[in-house]
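Participant: start_14.txt is reproduced in full below (compact mmCIF, C-alpha atoms and all ligand atoms).
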```txt
# COMPACT_ATOMS: atom_id res chain seq x y z
CA MET A 1 112.26 8.40 238.66
CA GLU A 2 113.82 7.61 242.03
CA PHE A 3 114.63 4.47 243.95
CA VAL A 4 112.57 3.84 247.06
CA ARG A 5 114.81 2.56 249.80
CA ASN A 6 113.31 0.62 252.68
CA GLY A 7 116.09 -0.92 254.76
CA ASP A 8 117.80 -3.36 252.41
CA GLU A 9 114.84 -3.34 250.05
CA ILE A 10 115.21 -1.32 246.88
CA PHE A 11 112.23 -0.72 244.66
CA PRO A 12 112.19 -1.08 241.77
CA ASP A 13 115.03 -3.57 242.09
CA LEU A 14 117.39 -3.26 239.14
CA ARG A 15 120.40 -4.84 240.84
CA VAL A 16 122.32 -7.52 238.96
CA ASN A 17 125.41 -9.57 239.75
CA ILE A 18 128.33 -10.09 237.43
CA GLY A 19 129.99 -12.81 239.47
CA SER A 20 131.23 -11.12 242.64
CA LEU A 21 130.53 -7.66 241.24
CA GLU A 22 127.15 -6.20 242.18
CA LEU A 23 125.76 -3.47 239.95
CA LYS A 24 122.87 -1.23 241.02
CA ASN A 25 121.45 -1.61 237.52
CA PRO A 26 122.45 -3.55 234.37
CA VAL A 27 123.48 -0.55 232.23
CA MET A 28 127.14 0.09 231.44
CA THR A 29 128.83 2.22 228.81
CA ALA A 30 130.81 0.39 226.12
CA SER A 31 134.55 0.93 225.78
CA GLY A 32 135.65 3.56 223.26
CA THR A 33 132.28 5.29 223.09
CA PHE A 34 132.38 7.07 226.45
CA GLY A 35 135.95 8.35 226.70
CA TYR A 36 137.19 8.25 230.28
CA ALA A 37 133.70 9.23 231.58
CA ARG A 38 134.59 12.83 232.47
CA GLU A 39 133.76 13.89 228.90
CA PHE A 40 130.11 13.08 229.73
CA GLU A 41 129.86 14.68 233.19
CA ASN A 42 127.96 17.72 231.95
CA LEU A 43 125.81 15.76 229.56
CA MET A 44 124.26 13.24 231.94
CA ASN A 45 124.18 12.06 235.54
CA LEU A 46 127.07 9.57 235.65
CA HIS A 47 125.87 8.22 238.98
CA ARG A 48 122.85 6.66 237.33
CA LEU A 49 125.05 4.17 235.47
CA GLY A 50 125.45 0.57 236.61
CA ALA A 51 129.14 0.84 235.71
CA VAL A 52 131.40 2.75 233.38
CA ILE A 53 133.83 1.05 231.01
CA VAL A 54 136.62 3.29 229.79
CA LYS A 55 138.45 3.49 226.47
CA GLY A 56 140.84 0.57 225.83
CA ILE A 57 144.25 1.01 227.46
CA SER A 58 147.53 -0.31 226.07
CA LEU A 59 150.97 -0.43 227.67
CA ALA A 60 152.36 2.51 225.65
CA PRO A 61 150.28 5.43 224.34
CA ARG A 62 148.89 4.92 220.82
CA SER A 63 148.02 7.65 218.33
CA GLY A 64 145.71 5.40 216.32
CA ASN A 65 145.11 5.32 212.57
CA PRO A 66 145.25 8.29 210.17
CA PRO A 67 141.92 9.97 209.25
CA PRO A 68 139.29 9.46 207.97
CA ARG A 69 138.58 7.09 210.84
CA ILE A 70 134.79 7.14 211.02
CA VAL A 71 132.15 6.62 208.34
CA GLU A 72 128.39 6.61 208.75
CA THR A 73 126.61 3.60 207.24
CA ALA A 74 122.99 2.48 206.97
CA CYS A 75 121.84 2.08 210.59
CA GLY A 76 125.36 2.16 211.95
CA MET A 77 128.93 3.37 211.68
CA LEU A 78 132.32 2.05 210.69
CA ASN A 79 135.32 3.05 212.79
CA ALA A 80 139.01 2.50 212.41
CA ILE A 81 140.23 4.59 215.33
CA GLY A 82 143.09 2.15 215.79
CA LEU A 83 142.77 1.97 219.57
CA GLN A 84 144.15 5.46 220.21
CA ASN A 85 144.72 5.91 223.94
CA VAL A 86 146.95 7.57 226.53
CA GLY A 87 148.72 4.37 227.67
CA VAL A 88 148.55 2.75 231.07
CA GLU A 89 150.89 5.13 232.96
CA ARG A 90 149.10 8.33 231.93
CA PHE A 91 145.75 6.60 232.45
CA ILE A 92 146.64 5.89 236.06
CA LYS A 93 148.13 9.35 236.68
CA GLU A 94 145.65 11.51 234.79
CA LYS A 95 142.37 9.67 234.52
CA MET A 96 142.05 7.45 237.58
CA VAL A 97 141.77 10.26 240.14
CA TYR A 98 138.53 11.47 238.58
CA LEU A 99 137.23 7.94 238.11
CA GLN A 100 138.01 7.09 241.76
CA GLY A 101 135.73 9.96 242.80
CA LEU A 102 132.73 8.48 240.98
CA GLN A 103 130.36 6.44 243.11
CA ILE A 104 129.99 3.78 240.42
CA PRO A 105 132.12 0.76 239.51
CA VAL A 106 134.86 1.53 237.00
CA ILE A 107 135.84 -1.21 234.57
CA VAL A 108 139.10 -0.78 232.67
CA ASN A 109 139.24 -2.18 229.14
CA ILE A 110 142.71 -3.39 228.15
CA LEU A 111 144.37 -4.38 224.89
CA GLY A 112 147.73 -5.65 223.75
CA ASP A 113 149.58 -7.09 220.83
CA SER A 114 151.22 -9.90 222.78
CA ILE A 115 150.31 -12.02 225.78
CA ASP A 116 153.17 -10.39 227.68
CA GLU A 117 151.70 -6.96 227.02
CA TYR A 118 148.27 -7.97 228.32
CA GLN A 119 149.97 -9.36 231.40
CA GLU A 120 152.08 -6.30 232.00
CA ILE A 121 149.12 -3.91 231.80
CA THR A 122 147.16 -6.11 234.20
CA GLU A 123 150.08 -6.14 236.61
CA ARG A 124 150.35 -2.35 236.37
CA LEU A 125 146.62 -1.90 237.09
CA SER A 126 146.52 -4.45 239.88
CA GLY A 127 147.40 -2.26 242.82
CA VAL A 128 145.37 0.71 241.61
CA LYS A 129 142.49 1.75 243.85
CA GLY A 130 139.01 2.11 242.38
CA ILE A 131 139.10 -0.47 239.61
CA ALA A 132 136.14 -2.85 239.95
CA ALA A 133 137.04 -5.17 237.07
CA ILE A 134 139.13 -5.52 233.95
CA GLU A 135 137.58 -6.06 230.53
CA VAL A 136 139.94 -7.76 228.09
CA ASN A 137 139.59 -6.76 224.45
CA ILE A 138 140.79 -9.83 222.55
CA SER A 139 139.92 -8.45 219.10
CA CYS A 140 143.54 -7.27 218.69
CA PRO A 141 146.15 -8.78 216.38
CA ASN A 142 148.72 -11.07 217.98
CA VAL A 143 151.88 -9.55 216.50
CA LYS A 144 153.98 -12.58 217.41
CA LYS A 145 151.58 -14.86 215.51
CA GLY A 146 151.45 -12.98 212.20
CA GLY A 147 148.71 -10.56 213.22
CA VAL A 148 145.89 -13.08 213.74
CA ALA A 149 143.44 -11.61 216.25
CA PHE A 150 143.59 -13.32 219.68
CA GLY A 151 139.83 -13.54 219.70
CA THR A 152 139.56 -15.58 216.52
CA GLN A 153 141.35 -18.69 217.76
CA ALA A 154 140.14 -20.56 220.81
CA HIS A 155 143.59 -21.53 222.10
CA MET A 156 144.86 -17.91 221.90
CA ALA A 157 141.70 -16.53 223.52
CA LYS A 158 142.17 -19.00 226.35
CA ALA A 159 145.87 -18.20 226.72
CA VAL A 160 145.25 -14.43 227.02
CA THR A 161 142.53 -15.04 229.57
CA GLU A 162 144.78 -17.28 231.67
CA ALA A 163 147.61 -14.74 231.51
CA VAL A 164 145.40 -11.84 232.63
CA LYS A 165 143.72 -13.91 235.35
CA MET A 166 147.11 -14.85 236.75
CA LYS A 167 147.98 -11.18 237.37
CA SER A 168 144.62 -9.61 238.09
CA SER A 169 143.46 -8.70 241.58
CA VAL A 170 139.93 -7.93 240.33
CA PRO A 171 137.33 -9.91 238.30
CA VAL A 172 138.14 -10.40 234.63
CA MET A 173 135.52 -9.93 231.89
CA VAL A 174 136.63 -11.12 228.47
CA LYS A 175 135.17 -9.29 225.45
CA LEU A 176 134.58 -11.54 222.47
CA SER A 177 135.08 -10.76 218.81
CA PRO A 178 132.10 -11.60 216.59
CA ASN A 179 134.39 -12.21 213.60
CA VAL A 180 134.43 -15.97 214.14
CA THR A 181 132.54 -18.99 212.89
CA ASP A 182 131.57 -20.40 216.28
CA ILE A 183 131.08 -17.81 219.02
CA ALA A 184 130.10 -20.46 221.59
CA GLU A 185 133.48 -22.17 221.14
CA MET A 186 135.26 -18.87 221.91
CA ALA A 187 133.11 -18.30 224.98
CA ARG A 188 133.85 -21.79 226.27
CA ALA A 189 137.58 -21.23 225.66
CA VAL A 190 137.69 -18.08 227.78
CA GLU A 191 135.55 -19.71 230.46
CA ASP A 192 138.12 -22.55 230.54
CA GLY A 193 140.82 -19.91 230.81
CA GLY A 194 139.22 -18.64 234.02
CA ALA A 195 137.17 -15.64 232.82
CA ASP A 196 134.74 -14.43 235.47
CA SER A 197 132.33 -13.15 232.82
CA VAL A 198 132.13 -12.68 229.08
CA SER A 199 130.99 -9.61 227.14
CA LEU A 200 129.95 -9.54 223.48
CA ILE A 201 130.01 -8.35 220.78
CA ASN A 202 132.87 -6.16 219.65
CA THR A 203 132.51 -4.63 216.18
CA LEU A 204 132.00 -6.64 212.98
CA ILE A 205 134.65 -6.07 210.32
CA GLY A 206 133.35 -4.09 207.35
CA MET A 207 134.27 -1.53 204.70
CA ALA A 208 132.84 1.32 202.63
CA ILE A 209 133.92 2.66 199.22
CA ASP A 210 133.71 6.15 197.73
CA LEU A 211 132.51 5.82 194.15
CA GLU A 212 133.95 9.11 192.85
CA SER A 213 137.49 8.66 194.13
CA ARG A 214 137.30 4.85 193.88
CA ARG A 215 138.99 4.77 197.22
CA PRO A 216 137.98 3.21 200.55
CA LYS A 217 136.17 5.71 202.78
CA LEU A 218 138.41 4.75 205.72
CA ALA A 219 142.14 5.43 205.47
CA ASN A 220 142.64 2.04 207.12
CA VAL A 221 140.50 0.46 204.32
CA ILE A 222 138.58 -1.76 206.74
CA GLY A 223 136.97 -0.92 210.06
CA GLY A 224 134.55 -2.07 212.75
CA LEU A 225 130.81 -1.88 212.16
CA SER A 226 128.64 -0.92 215.15
CA GLY A 227 125.20 0.50 215.90
CA PRO A 228 121.63 -0.73 215.26
CA ALA A 229 122.74 -2.59 212.10
CA ILE A 230 124.55 -5.20 214.22
CA LYS A 231 121.90 -5.75 216.89
CA PRO A 232 120.30 -8.92 215.46
CA VAL A 233 123.73 -10.53 215.05
CA ALA A 234 124.73 -9.54 218.59
CA LEU A 235 121.47 -10.82 220.05
CA ARG A 236 121.87 -14.18 218.32
CA MET A 237 125.43 -14.50 219.61
CA VAL A 238 124.47 -13.58 223.18
CA TYR A 239 121.72 -16.19 223.02
CA GLN A 240 124.16 -18.87 221.83
CA VAL A 241 126.85 -17.93 224.36
CA ALA A 242 124.43 -17.81 227.29
CA LYS A 243 123.49 -21.41 226.52
CA ALA A 244 127.14 -22.48 226.18
CA VAL A 245 128.72 -21.12 229.39
CA SER A 246 127.83 -20.83 233.04
CA ILE A 247 129.60 -17.52 233.75
CA PRO A 248 127.60 -14.26 233.43
CA VAL A 249 127.15 -12.83 229.92
CA ILE A 250 127.07 -9.11 229.11
CA GLY A 251 125.26 -8.07 225.92
CA ILE A 252 126.60 -5.39 223.56
CA GLY A 253 125.66 -4.35 220.04
CA GLY A 254 123.30 -1.75 218.65
CA ILE A 255 121.43 -1.14 221.89
CA ASP A 256 119.75 2.27 221.87
CA SER A 257 116.56 1.80 223.84
CA THR A 258 115.21 0.07 226.94
CA GLU A 259 113.46 -2.43 224.69
CA ASP A 260 116.76 -3.34 223.00
CA ALA A 261 118.46 -3.80 226.37
CA LEU A 262 115.68 -6.01 227.71
CA GLU A 263 115.79 -8.21 224.60
CA PHE A 264 119.44 -8.93 225.40
CA MET A 265 118.51 -9.79 228.98
CA LEU A 266 115.80 -12.20 227.84
CA ALA A 267 118.39 -13.81 225.55
CA GLY A 268 120.56 -14.47 228.60
CA ALA A 269 122.53 -11.30 229.33
CA SER A 270 122.90 -10.32 232.99
CA ALA A 271 123.80 -6.76 231.95
CA VAL A 272 124.31 -4.67 228.82
CA GLN A 273 126.71 -2.10 227.41
CA ILE A 274 125.67 0.94 225.39
CA GLY A 275 128.10 2.01 222.65
CA THR A 276 127.38 3.89 219.42
CA ALA A 277 124.06 5.19 220.77
CA ASN A 278 126.08 7.53 223.06
CA PHE A 279 127.12 9.50 219.96
CA ILE A 280 123.49 10.17 219.05
CA ASN A 281 122.12 10.81 222.53
CA PRO A 282 124.72 11.19 225.30
CA ARG A 283 121.98 10.63 227.90
CA VAL A 284 120.83 7.36 226.36
CA SER A 285 122.18 5.12 229.16
CA GLU A 286 120.35 7.14 231.80
CA ASP A 287 117.17 7.00 229.70
CA ILE A 288 117.52 3.22 229.47
CA VAL A 289 117.87 2.92 233.26
CA GLU A 290 114.67 4.99 233.65
CA GLY A 291 112.91 2.82 231.12
CA MET A 292 113.92 -0.27 233.08
CA HIS A 293 112.46 1.23 236.28
CA ARG A 294 109.22 1.78 234.49
CA TYR A 295 109.22 -1.70 232.94
CA VAL A 296 109.77 -3.43 236.28
CA ILE A 297 106.90 -1.47 237.84
CA ASP A 298 104.51 -1.82 234.90
CA HIS A 299 105.12 -5.56 234.63
CA ASN A 300 104.94 -6.14 238.36
CA LEU A 301 108.37 -7.77 238.56
CA SER A 302 110.02 -8.27 241.94
CA SER A 303 113.39 -7.69 240.27
CA ILE A 304 114.82 -7.12 236.81
CA ARG A 305 116.78 -10.34 237.37
CA GLU A 306 113.58 -12.23 236.57
CA LEU A 307 114.17 -11.39 232.92
CA ILE A 308 117.68 -12.85 232.58
CA GLY A 309 117.48 -15.79 230.19
CA ALA A 310 113.69 -15.87 230.47
CA LEU A 311 113.20 -16.17 226.71
CA GLU A 312 110.60 -18.80 225.82
CA VAL A 313 111.55 -20.58 222.65
CA LYS A 314 108.90 -23.30 222.48
C1 LIG B 1 134.50 4.68 218.07
C2 LIG B 1 134.55 3.33 218.73
C3 LIG B 1 135.64 2.99 219.52
C4 LIG B 1 135.71 1.74 220.16
N1 LIG B 1 136.78 1.44 220.94
C5 LIG B 1 136.82 0.24 221.61
C6 LIG B 1 137.90 -0.07 222.49
O1 LIG B 1 138.82 0.71 222.72
N2 LIG B 1 137.89 -1.30 223.10
C7 LIG B 1 136.87 -2.20 222.91
O2 LIG B 1 136.91 -3.29 223.50
N3 LIG B 1 135.82 -1.92 222.11
C8 LIG B 1 135.77 -0.72 221.46
N4 LIG B 1 134.70 -0.43 220.64
C9 LIG B 1 133.60 -1.41 220.50
C10 LIG B 1 132.40 -1.06 221.39
O3 LIG B 1 132.75 -1.05 222.76
C11 LIG B 1 131.22 -2.04 221.17
O4 LIG B 1 131.65 -3.35 221.49
C12 LIG B 1 130.72 -2.03 219.73
O5 LIG B 1 130.72 -0.73 219.20
C13 LIG B 1 129.32 -2.62 219.58
O6 LIG B 1 128.38 -1.94 220.36
P1 LIG B 1 127.45 -0.72 219.79
O7 LIG B 1 126.77 -1.23 218.55
O8 LIG B 1 126.48 -0.43 220.90
O9 LIG B 1 128.37 0.41 219.50
C14 LIG B 1 134.63 0.82 219.99
C15 LIG B 1 133.52 1.18 219.21
C16 LIG B 1 133.45 2.41 218.59
C17 LIG B 1 132.25 2.75 217.77
```
Represent the structure contained in this file as structure tokens.
Facilitator:
Amino acid sequence: MEFVRNGDEIFPDLRVNIGSLELKNPVMTASGTFGYAREFENLMNLHRLGAVIVKGISLAPRSGNPPPRIVETACGMLNAIGLQNVGVERFIKEKMVYLQGLQIPVIVNILGDSIDEYQEITERLSGVKGIAAIEVNISCPNVKKGGVAFGTQAHMAKAVTEAVKMKSSVPVMVKLSPNVTDIAEMARAVEDGGADSVSLINTLIGMAIDLESRRPKLANVIGGLSGPAIKPVALRMVYQVAKAVSIPVIGIGGIDSTEDALEFMLAGASAVQIGTANFINPRVSEDIVEGMHRYVIDHNLSSIRELIGALEVK
């Protein structure tokens, strides 16, 4: 299905705004499930995406955890990749050239084990052409604070956000960890820290055990649960966060159809990210964009933006 362009009018209108960032549609790929985009160039039309979010980047390259690192679970998967990545220097030298050639916004996901590291990566990325926004993964352990994840304590989540904002030349999206008691408190903390938008959820911590060997199925013992199994939890958290903050919210978690994506938008998400579903159908994001076109036409909407937060509770 194609857009019809009539001057500035686009029909069906799938455009959404994430603060100052305008996306031609609300569908992005979730970090860590889409490589550095090039891996998917022969599998789908990358230009149909609203934006691409690349694998999390740290200051130095990381080789990740030992295998096994992935386990299939009921309606989902557990991963303990351990944030394997090429590091910021190689990312800029080897991956950015290709990404700069894409006609879609590129969002770089960053991680660190100290506030200084988050700041240094941001500084390093700041002058680089072709980066539309930074997404900050705060589900990482703060090594200087005994390994407590930044995203599980409001004051640390706020401090990382402030540090990244101070150095960033592009909008900052902060990605929340769901492994907390009060997700709204975390969202408010990063909003206070200056986040331009908030994305959620990252994976839920889980584990799986092999009965015969009596050993954990993941070498790392515990890992992150993702896929359809987490969708109801993610949807609930997006709903709560959208009510708690005034910055745009991006929904993530178990989305593998247009219907799933639209549920997140009704709950208050301005856009969505597709993660684990890419492993099952690498074209899924494109299919979801098509499905949104059809939905807007079939339901006679002037724009998909009409759906954002339009959930009726009473
Ligand atoms: C294999 C794998 C690797 C991931 N790597 C990252 C990462 O580097 N940075 C990050 O912020 N999230 C990472 N995530 C989390 C996803 O981006 C997403 O938040 C999560 O999987 C929930 O969405 P889903 O159910 O659609 O997969 C990873 C997830 C998976 C499955």
Participant: With 8 Å as the threshold, what does the neighbourhood of (125.1, -10.0, 217.3) contain in terms of residues, counting all atoms listed in the file? Coordinates are those of the file; answer as an NGL selection string.
Facilitator: :A and (178 or 200-201 or 230-238 or 252-253)
Participant: Name the closest residue to Val174 in chain A among the candidates A:Glu135, A:Leu204, A:Asn17, A:Pro216; distances are taken between atoms, counting all atoms listed in the file.
Facilitator: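 Under the stated criterion, the closest residue is A:Glu135.
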Participant: Counting all atoms listed in the file, what residues are within 6 Å of ligand LIG 1 (chain B), given as a VMD selection string?
Facilitator: chain A and resid 30 to 33 55 to 56 79 83 137 201 to 203 226 to 227 252 to 255 274 to 276
Participant: Go through A:Glu94, A:Glu89, A:Asp256, A:Asp287 one by one, measure the shortest atom-to-atom distance of each to Glu120 in chain A using all atoms listed in the file, and give the residue with the smallest value.
Facilitator: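 Looking at the shortest contact to Glu120 in chain A, the residue is A:Glu89.
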Participant: Would you write out, as a Markdown table, a table of all residues in range 272-298 of chain A that have an atom no more than 12 Å from an atom of range 35-39 of chain A, listing for each the closest atom pair and the distance in Å to one decimal, considering all atoms listed in the file and ordering rows by chain and rising residue number?
Facilitator:
```
| residue | atom | partner | partner_atom | distance |
| --- | --- | --- | --- | --- |
| A:Gly275 | CA | A:Gly35 | CA | 10.9 |
| A:Asn278 | CA | A:Gly35 | CA | 10.6 |
| A:Phe279 | CA | A:Gly35 | CA | 11.2 |
| A:Pro282 | CA | A:Glu39 | CA | 10.1 |
```
Participant: Dump C-alpha atoms for the selected residues as a short mmCIF file (atom, residue, chain, number, x, y, z; two decimals), keeping the file's coordinate frame?
Facilitator:
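Ended up saving to result.cif:
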```cif
data_model
loop_
_atom_site.label_atom_id
_atom_site.label_comp_id
_atom_site.auth_asym_id
_atom_site.auth_seq_id
_atom_site.Cartn_x
_atom_site.Cartn_y
_atom_site.Cartn_z
CA GLY A 275 128.10 2.01 222.65
CA ASN A 278 126.08 7.53 223.06
CA PHE A 279 127.12 9.50 219.96
CA PRO A 282 124.72 11.19 225.30
#
```
Participant: May I ask which of the residues A:Ser285, A:Phe150, A:Met173, A:Ala261 is the closest one to Pro248 in chain A, counting only C-alpha atoms?
Facilitator: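 Of the candidates, the smallest distance to Pro248 in chain A is held by A:Met173.
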Participant: As an exercise, work out the distance from CA of His155 in chain A to CA of Lys243 in chain A in Å and give it to one decimal place.
Facilitator: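 Distance between the two atoms: 20.6 Å.
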Participant: Name the residues in contact with Thr161 in chain A at a cut-off of 7 Å, using all atoms listed in the file, excluding same-chain residues fewer than 3 positions from it; report them as a list in words.
Facilitator: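 Here the answer would be Ala157, Lys158, Val164, Lys165, Val190, Gly193, Gly194 and Ala195 of chain A.
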Participant: Could you please determine the separation between CA of Val180 in chain A and CA of Thr152 in chain A in Å, to one decimal place?
Facilitator: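 Computing it gives 5.7 Å between the two atoms.
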Participant: Centre and edge lengths, as JSON, for the axis-aligned box enclosing every listed atom of range 216-233 of chain A with 5 Å of padding on each of the six sides, in Å to one decimal?
Facilitator:
```
{"center_x": 131.5, "center_y": -2.4, "center_z": 208.7, "size_x": 32.3, "size_y": 26.2, "size_z": 26.3}
```
Participant: For Gly251 in chain A, which residue among A:Gly147, A:Gly101, A:Gly268, A:Pro12 is the nearest when counting only C-alpha atoms?
Facilitator: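 Nearest candidate to Gly251 in chain A out of A:Gly147, A:Gly101, A:Gly268, A:Pro12: A:Gly268.
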Participant: Write out as an MDAnalysis selection string which residues come within 12 Å of range 288-295 of chain A when counting only C-alpha atoms, dropping same-chain ones fewer than 5 positions away.
Facilitator: chainID A and resid 1:4 10:15 24:29 45:51 255:263 265 271:274 277:278 281:283 300:307
Participant: When you draw a straight line from CA of Leu111 in chain A to CA of Ser199 in chain A, how long is it in Å?
Facilitator: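 Calculated distance between CA of Leu111 in chain A and CA of Ser199 in chain A is 14.5 Å.
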Participant: Can you pull out every residue within 7 Å of Asn85 in chain A, counting all atoms listed in the file, but drop anything in the same chain fewer than 4 positions away, and send it as a count of residues only?
Facilitator: 5
Participant: Rank nothing, just name the residue among A:Lys217, A:Arg69, A:Arg124, A:Lys167 nearest to Gly87 in chain A, using all atoms listed in the file.
Facilitator: A:Arg124
Participant: Which of these, A:Met186, A:Ala133, A:Met96, A:Ile247, has the shortest distance to Gln153 in chain A once you count only C-alpha atoms?
Facilitator: A:Met186
Participant: Could you pull the residues within 10 Å of Val128 in chain A, counting only C-alpha atoms, minus those fewer than 2 positions along the same chain, as a PDB file with C-alpha atoms, in the coordinates of the input?
Facilitator:
```
ATOM      1  CA  ILE A  92     146.640   5.890 236.060  1.00  0.00           C
ATOM      2  CA  MET A  96     142.050   7.450 237.580  1.00  0.00           C
ATOM      3  CA  GLN A 100     138.010   7.090 241.760  1.00  0.00           C
ATOM      4  CA  GLU A 123     150.080  -6.140 236.610  1.00  0.00           C
ATOM      5  CA  ARG A 124     150.350  -2.350 236.370  1.00  0.00           C
ATOM      6  CA  LEU A 125     146.620  -1.900 237.090  1.00  0.00           C
ATOM      7  CA  SER A 126     146.520  -4.450 239.880  1.00  0.00           C
ATOM      8  CA  GLY A 130     139.010   2.110 242.380  1.00  0.00           C
ATOM      9  CA  ILE A 131     139.100  -0.470 239.610  1.00  0.00           C
ATOM     10  CA  SER A 169     143.460  -8.700 241.580  1.00  0.00           C
TER      11      SER A 169
END
```
Participant: Could you add N, CA, C and O atoms to range 287-301 of chain A and give me the result as a PDB file, in the coordinates of the input?
Facilitator:
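Result file follows (selection.pdb):
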```pdb
ATOM      1  N   ASP A 287     118.546   7.220 230.171  1.00  0.00           N
ATOM      2  CA  ASP A 287     117.170   7.000 229.700  1.00  0.00           C
ATOM      3  C   ASP A 287     116.816   5.513 229.778  1.00  0.00           C
ATOM      4  O   ASP A 287     115.692   5.145 230.119  1.00  0.00           O
ATOM      5  N   ILE A 288     117.783   4.661 229.451  1.00  0.00           N
ATOM      6  CA  ILE A 288     117.520   3.220 229.470  1.00  0.00           C
ATOM      7  C   ILE A 288     117.293   2.735 230.904  1.00  0.00           C
ATOM      8  O   ILE A 288     116.407   1.930 231.173  1.00  0.00           O
ATOM      9  N   VAL A 289     118.075   3.277 231.844  1.00  0.00           N
ATOM     10  CA  VAL A 289     117.870   2.920 233.260  1.00  0.00           C
ATOM     11  C   VAL A 289     116.441   3.317 233.684  1.00  0.00           C
ATOM     12  O   VAL A 289     115.711   2.535 234.295  1.00  0.00           O
ATOM     13  N   GLU A 290     116.045   4.533 233.322  1.00  0.00           N
ATOM     14  CA  GLU A 290     114.670   4.990 233.650  1.00  0.00           C
ATOM     15  C   GLU A 290     113.635   4.072 233.055  1.00  0.00           C
ATOM     16  O   GLU A 290     112.657   3.722 233.701  1.00  0.00           O
ATOM     17  N   GLY A 291     113.849   3.702 231.799  1.00  0.00           N
ATOM     18  CA  GLY A 291     112.910   2.820 231.120  1.00  0.00           C
ATOM     19  C   GLY A 291     112.815   1.471 231.813  1.00  0.00           C
ATOM     20  O   GLY A 291     111.738   0.871 231.906  1.00  0.00           O
ATOM     21  N   MET A 292     113.929   1.006 232.362  1.00  0.00           N
ATOM     22  CA  MET A 292     113.920  -0.270 233.080  1.00  0.00           C
ATOM     23  C   MET A 292     113.107  -0.154 234.370  1.00  0.00           C
ATOM     24  O   MET A 292     112.348  -1.061 234.726  1.00  0.00           O
ATOM     25  N   HIS A 293     113.273   0.973 235.069  1.00  0.00           N
ATOM     26  CA  HIS A 293     112.460   1.230 236.280  1.00  0.00           C
ATOM     27  C   HIS A 293     110.992   1.062 235.934  1.00  0.00           C
ATOM     28  O   HIS A 293     110.257   0.352 236.603  1.00  0.00           O
ATOM     29  N   ARG A 294     110.628   1.761 234.874  1.00  0.00           N
ATOM     30  CA  ARG A 294     109.220   1.780 234.490  1.00  0.00           C
ATOM     31  C   ARG A 294     108.744   0.364 234.114  1.00  0.00           C
ATOM     32  O   ARG A 294     107.668  -0.075 234.482  1.00  0.00           O
ATOM     33  N   TYR A 295     109.593  -0.356 233.389  1.00  0.00           N
ATOM     34  CA  TYR A 295     109.220  -1.700 232.940  1.00  0.00           C
ATOM     35  C   TYR A 295     108.983  -2.631 234.126  1.00  0.00           C
ATOM     36  O   TYR A 295     108.004  -3.379 234.166  1.00  0.00           O
ATOM     37  N   VAL A 296     109.889  -2.561 235.103  1.00  0.00           N
ATOM     38  CA  VAL A 296     109.770  -3.430 236.280  1.00  0.00           C
ATOM     39  C   VAL A 296     108.463  -3.133 237.033  1.00  0.00           C
ATOM     40  O   VAL A 296     107.748  -4.042 237.454  1.00  0.00           O
ATOM     41  N   ILE A 297     108.149  -1.853 237.144  1.00  0.00           N
ATOM     42  CA  ILE A 297     106.900  -1.470 237.840  1.00  0.00           C
ATOM     43  C   ILE A 297     105.690  -1.911 237.024  1.00  0.00           C
ATOM     44  O   ILE A 297     104.800  -2.596 237.518  1.00  0.00           O
ATOM     45  N   ASP A 298     105.684  -1.532 235.736  1.00  0.00           N
ATOM     46  CA  ASP A 298     104.510  -1.820 234.900  1.00  0.00           C
ATOM     47  C   ASP A 298     104.245  -3.317 234.763  1.00  0.00           C
ATOM     48  O   ASP A 298     103.106  -3.732 234.578  1.00  0.00           O
ATOM     49  N   HIS A 299     105.304  -4.121 234.808  1.00  0.00           N
ATOM     50  CA  HIS A 299     105.120  -5.560 234.630  1.00  0.00           C
ATOM     51  C   HIS A 299     105.131  -6.313 235.957  1.00  0.00           C
ATOM     52  O   HIS A 299     105.220  -7.542 235.984  1.00  0.00           O
ATOM     53  N   ASN A 300     105.090  -5.518 237.039  1.00  0.00           N
ATOM     54  CA  ASN A 300     104.940  -6.140 238.360  1.00  0.00           C
ATOM     55  C   ASN A 300     106.043  -7.147 238.693  1.00  0.00           C
ATOM     56  O   ASN A 300     105.773  -8.209 239.243  1.00  0.00           O
ATOM     57  N   LEU A 301     107.270  -6.844 238.302  1.00  0.00           N
ATOM     58  CA  LEU A 301     108.370  -7.770 238.560  1.00  0.00           C
ATOM     59  C   LEU A 301     108.940  -7.483 239.954  1.00  0.00           C
ATOM     60  O   LEU A 301     108.989  -6.330 240.387  1.00  0.00           O
TER      61      LEU A 301
END
```
